[in-house]
Protein chains: 2
Amino acid sequence: MGRRSDHTREELRALFISEGHAHLAQVGLAKFSGREVAKRVGYSVGTISNLFGSVDGLIVAINSRSFEVWAQILRDRLESADGDRIAALVDGYFAFAQQSPELWSAIYAHRLPEGLDLPDEDKARRAGLTQIVEDEIRAVLPAGTDADLVRLARSLVAVVHGHCSFVVSGSFALLEEPDPQGAALARVRESLAAHGYRAEDFRSDSGLGDSENRRSL
Amino acid sequence: MGRRSDHTREELRALFISEGHAHLAQVGLAKFSGREVAKRVGYSVGTISNLFGSVDGLIVAINSRSFEVWAQILRDRLESADGDRIAALVDGYFAFAQQSPELWSAIYAHRLPEGLDLPDEDKARRAGLTQIVEDEIRAVLPAGTDADLVRLARSLVAVVHGHCSFVVSGSFALLEEPDPQGAALARVRESLAAHGYRAEDFRSDSGLGDSENRRSL
DNA sequence: ACCGATTACTGAACGGTGTTCAATATATTT
DNA sequence: AAATATATTGAACACCGTTCAGTAATCGGT
């Protein structure tokens, strides 16, 4: 077979990303197969190299797509949140990781080979997630330099990320923790409090992690 | 060639782990090759399956070895620490990750296939690291239930882990953070303070992360 | 309407991977 | 010394990602 042109290049990329996303969610990064994805899409092996440069390139694109799905989950949780928007953020962070553990861990397990780094387009696609958090943190802390606020927001993302990572990877470190998400939230609240969190309404909280918080404050 | 028996089974395992450790540090998990390790050790392909069940089994053993190296680094830092033992812990955590990024990320990037989970022996080998942290946290907080203390200690490990993960993965999230380790330490101190940290001497601290801390307390 | 030139896609070939398991050569036991 | 048990091999297999000459559809010019 030769030229087909039943899809534009962009449509074809979208097809591979979509099918690849599903495949990655099923089998995980270790067993991910570009050949398999090509077969499912109905195109030949070489097409991946044409479109994405390499299988690594395809995985990068798939992971960027994951970030978009993830960000949308955060927005949904914020939308349907009661007053406690910080809890909603933590909840959204965990939600994606736990409902799609293979997709989530692929994001952090995948390291692109020496030399090339993330295309700018992918950086932009992924920035949305942290942006959401930054905006929420800004709304809840006393005004300071924006640079400091951005740094704190990302540091708090790291706090939640660490807990999430231990849960998904099944690290023994959190095996005995009945409520890792609660613990993450508690740590976030402790740091926010240290930075002058405007307490509004603290009413609804749950989980043992928060009891730590309550006990000591 | 047939039977050789120039090493006991345990010696042979140690050989593969040692050589595999070096190989993993060089090329990273994605390019890790069991065949290559076997060649270096001077044994044939099949030997890995005999000794470790599979290449995944070998990687598990290598990663457990990494935990031991890592724990030793923590102990060294504690030994040569000035008064600030918490900073020493954070420093040790980052030190291993940054001096052996491939080994560190292999620990968390490797997910063992559906079905089998970590052998008890490996769990024990890996527990040493968190044990060190637990002991230090216990020494520095007012006495409470030991269960709560263990959970808090591990949660704090997760806090540091998250920052470390973002650094090693080169995640854009911390690109604008000049001192991620300082940020991790600041978050840990904020949580410790919330739980009644006995402040002893706070004298020597450094880094922007800590300035956040100082400003807000 | 035709015909190069261009483009999109193919898929066999290649070198690599992990796993299996009959064959084999050394140890150990009888 | 013979028989048995054990440790190790390595060819065979089925997969993987990358390459690239080849081919067929489309396009631009006449």
# chains A, B, ... in the order shown; residues from 1 in each chain; ligands from 1
$ residues_around --residues "range 7-24 of chain D" --least-positions-apart "4" --cutoff "7 Å" --atoms "only C-alpha atoms (C1' of nucleotides)" --output "list in words"
Met1, Gly2 and Arg3 of chain A; Met1, Gly2, Arg3, Arg4, Ser5 and Ser44 of chain B; DT17 of chain C
$ interface_residues --of "chain C" --to "chain B" --cutoff "12 Å" --atoms "only C-alpha atoms (C1' of nucleotides)" --output "list of chain:residue names"
C:DG16, C:DT17, C:DG18, C:DT19, C:DT20, C:DC21, C:DA23, C:DT24, C:DA25, C:DT26, C:DA27
$ write_last_selection --atoms "N, CA and C atoms (P, O5', C5', C4', C3', O3' and C1' of nucleotides)" --output "PDB file, in the first residue's frame"
ATOM      1  P    DG C  16      23.037  -5.200  18.445  1.00  0.00           P
ATOM      2  O5'  DG C  16      21.924  -5.564  19.531  1.00  0.00           O
ATOM      3  C5'  DG C  16      21.527  -4.564  20.444  1.00  0.00           C
ATOM      4  C4'  DG C  16      20.092  -4.769  20.847  1.00  0.00           C
ATOM      5  C3'  DG C  16      19.844  -5.792  21.939  1.00  0.00           C
ATOM      6  O3'  DG C  16      20.115  -5.222  23.217  1.00  0.00           O
ATOM      7  C1'  DG C  16      18.128  -5.808  20.287  1.00  0.00           C
ATOM      8  P    DT C  17      20.334  -6.201  24.450  1.00  0.00           P
ATOM      9  O5'  DT C  17      18.855  -6.574  24.889  1.00  0.00           O
ATOM     10  C5'  DT C  17      17.954  -5.531  25.287  1.00  0.00           C
ATOM     11  C4'  DT C  17      16.562  -6.107  25.422  1.00  0.00           C
ATOM     12  C3'  DT C  17      16.475  -7.311  26.344  1.00  0.00           C
ATOM     13  O3'  DT C  17      16.347  -6.848  27.676  1.00  0.00           O
ATOM     14  C1'  DT C  17      15.195  -7.650  24.345  1.00  0.00           C
ATOM     15  P    DG C  18      16.591  -7.857  28.873  1.00  0.00           P
ATOM     16  O5'  DG C  18      15.308  -8.822  28.785  1.00  0.00           O
ATOM     17  C5'  DG C  18      14.037  -8.308  29.165  1.00  0.00           C
ATOM     18  C4'  DG C  18      13.034  -9.448  29.218  1.00  0.00           C
ATOM     19  C3'  DG C  18      13.355 -10.523  30.260  1.00  0.00           C
ATOM     20  O3'  DG C  18      12.135 -10.995  30.828  1.00  0.00           O
ATOM     21  C1'  DG C  18      13.375 -11.499  28.098  1.00  0.00           C
ATOM     22  P    DT C  19      12.166 -12.150  31.960  1.00  0.00           P
ATOM     23  O5'  DT C  19      11.841 -13.448  31.094  1.00  0.00           O
ATOM     24  C5'  DT C  19      10.694 -13.443  30.262  1.00  0.00           C
ATOM     25  C4'  DT C  19      10.450 -14.836  29.706  1.00  0.00           C
ATOM     26  C3'  DT C  19      10.697 -15.987  30.684  1.00  0.00           C
ATOM     27  O3'  DT C  19       9.605 -16.878  30.598  1.00  0.00           O
ATOM     28  C1'  DT C  19      11.964 -16.314  28.703  1.00  0.00           C
ATOM     29  P    DT C  20       9.587 -18.215  31.507  1.00  0.00           P
ATOM     30  O5'  DT C  20      10.010 -19.374  30.491  1.00  0.00           O
ATOM     31  C5'  DT C  20       9.297 -19.507  29.274  1.00  0.00           C
ATOM     32  C4'  DT C  20       9.923 -20.615  28.442  1.00  0.00           C
ATOM     33  C3'  DT C  20      10.157 -21.924  29.205  1.00  0.00           C
ATOM     34  O3'  DT C  20       9.590 -22.971  28.438  1.00  0.00           O
ATOM     35  C1'  DT C  20      12.126 -21.257  28.074  1.00  0.00           C
ATOM     36  P    DC C  21       9.124 -24.338  29.163  1.00  0.00           P
ATOM     37  O5'  DC C  21      10.253 -25.358  28.668  1.00  0.00           O
ATOM     38  C5'  DC C  21      10.779 -25.248  27.354  1.00  0.00           C
ATOM     39  C4'  DC C  21      12.074 -26.039  27.256  1.00  0.00           C
ATOM     40  C3'  DC C  21      12.224 -27.143  28.308  1.00  0.00           C
ATOM     41  O3'  DC C  21      12.898 -28.245  27.718  1.00  0.00           O
ATOM     42  C1'  DC C  21      14.037 -25.701  28.463  1.00  0.00           C
ATOM     43  P    DA C  23      17.329 -33.220  24.322  1.00  0.00           P
ATOM     44  O5'  DA C  23      18.738 -32.565  24.697  1.00  0.00           O
ATOM     45  C5'  DA C  23      19.266 -31.577  23.840  1.00  0.00           C
ATOM     46  C4'  DA C  23      20.604 -31.108  24.393  1.00  0.00           C
ATOM     47  C3'  DA C  23      21.581 -32.239  24.769  1.00  0.00           C
ATOM     48  O3'  DA C  23      22.855 -31.890  24.269  1.00  0.00           O
ATOM     49  C1'  DA C  23      21.280 -30.780  26.598  1.00  0.00           C
ATOM     50  P    DT C  24      24.073 -32.939  24.333  1.00  0.00           P
ATOM     51  O5'  DT C  24      24.974 -32.362  25.514  1.00  0.00           O
ATOM     52  C5'  DT C  24      25.338 -30.996  25.497  1.00  0.00           C
ATOM     53  C4'  DT C  24      26.009 -30.654  26.812  1.00  0.00           C
ATOM     54  C3'  DT C  24      26.970 -31.737  27.324  1.00  0.00           C
ATOM     55  O3'  DT C  24      28.161 -31.111  27.711  1.00  0.00           O
ATOM     56  C1'  DT C  24      25.510 -31.076  29.029  1.00  0.00           C
ATOM     57  P    DA C  25      29.582 -31.799  27.401  1.00  0.00           P
ATOM     58  O5'  DA C  25      30.464 -31.306  28.626  1.00  0.00           O
ATOM     59  C5'  DA C  25      30.364 -29.954  29.057  1.00  0.00           C
ATOM     60  C4'  DA C  25      30.364 -29.925  30.567  1.00  0.00           C
ATOM     61  C3'  DA C  25      31.382 -30.858  31.233  1.00  0.00           C
ATOM     62  O3'  DA C  25      32.063 -30.110  32.225  1.00  0.00           O
ATOM     63  C1'  DA C  25      29.269 -31.188  32.175  1.00  0.00           C
ATOM     64  P    DT C  26      33.514 -30.501  32.713  1.00  0.00           P
ATOM     65  O5'  DT C  26      33.411 -30.473  34.306  1.00  0.00           O
ATOM     66  C5'  DT C  26      32.983 -29.281  34.935  1.00  0.00           C
ATOM     67  C4'  DT C  26      32.040 -29.625  36.065  1.00  0.00           C
ATOM     68  C3'  DT C  26      32.695 -30.288  37.271  1.00  0.00           C
ATOM     69  O3'  DT C  26      32.733 -29.326  38.310  1.00  0.00           O
ATOM     70  C1'  DT C  26      30.542 -31.159  36.812  1.00  0.00           C
ATOM     71  P    DA C  27      33.507 -29.437  39.657  1.00  0.00           P
ATOM     72  O5'  DA C  27      32.337 -29.527  40.709  1.00  0.00           O
ATOM     73  C5'  DA C  27      31.725 -30.748  40.858  1.00  0.00           C
ATOM     74  C4'  DA C  27      30.632 -30.664  41.879  1.00  0.00           C
ATOM     75  C3'  DA C  27      31.012 -31.342  43.184  1.00  0.00           C
ATOM     76  O3'  DA C  27      30.190 -30.859  44.233  1.00  0.00           O
ATOM     77  C1'  DA C  27      29.573 -32.750  41.889  1.00  0.00           C
TER      78       DA C  27
END
$ closest_atom_pairs --of "range 13-44 of chain A" --to "range 95-114 of chain B" --cutoff "12 Å" --atoms "only C-alpha atoms" --output "JSON lines"
{"residue": "A:Gln26", "atom": "CA", "partner": "B:Glu114", "partner_atom": "CA", "distance": 11.7}
{"residue": "A:Val27", "atom": "CA", "partner": "B:Pro113", "partner_atom": "CA", "distance": 9.7}
{"residue": "A:Gly28", "atom": "CA", "partner": "B:Arg111", "partner_atom": "CA", "distance": 9.0}
{"residue": "A:Leu29", "atom": "CA", "partner": "B:Arg111", "partner_atom": "CA", "distance": 9.2}
{"residue": "A:Ala30", "atom": "CA", "partner": "B:Arg111", "partner_atom": "CA", "distance": 7.9}
{"residue": "A:Lys31", "atom": "CA", "partner": "B:Pro113", "partner_atom": "CA", "distance": 9.2}
$ interface_residues --of "chain A" --to "chain B" --cutoff "9 Å" --atoms "only C-alpha atoms" --output "number ranges by chain"
A: 30, 105-106, 108-111, 113, 123, 126-127, 130, 147-148, 150-152, 154-166, 169, 171-174, 176-177, 180, 183-184, 186-196, 209, 212-213, 215-217
$ atom_distance --atom1 "CA of Val37 in chain A" --atom2 "CA of Gly115 in chain A"
25.6 Å
$ select_by_dssp --residues "range 97-176 of chain A" --states "helix (DSSP H, G or I)" --output "number ranges by chain"
A: 97-99, 101-109, 120-140, 146-168, 172-174
$ closest_residue --among "B:Ala25, B:Ala71, B:Ala139, B:Ile48" --to "Ile86 in chain B" --atoms "only C-alpha atoms"
B:Ala139
$ closest_residue --among "B:Arg198, B:Arg65, B:Arg125, B:Arg40" --to "Arg138 in chain B" --atoms "only C-alpha atoms"
B:Arg198
$ atom_distance --atom1 "CA of His23 in chain A" --atom2 "CA of Glu36 in chain A"
8.3 Å
$ atom_distance --atom1 "CA of Ser66 in chain B" --atom2 "CA of His21 in chain B"
8.0 Å
$ closest_residue --among "B:Asp135, B:Asp6, B:Asp76, B:Glu68" --to "chain D" --atoms "only C-alpha atoms (C1' of nucleotides)"
B:Asp6
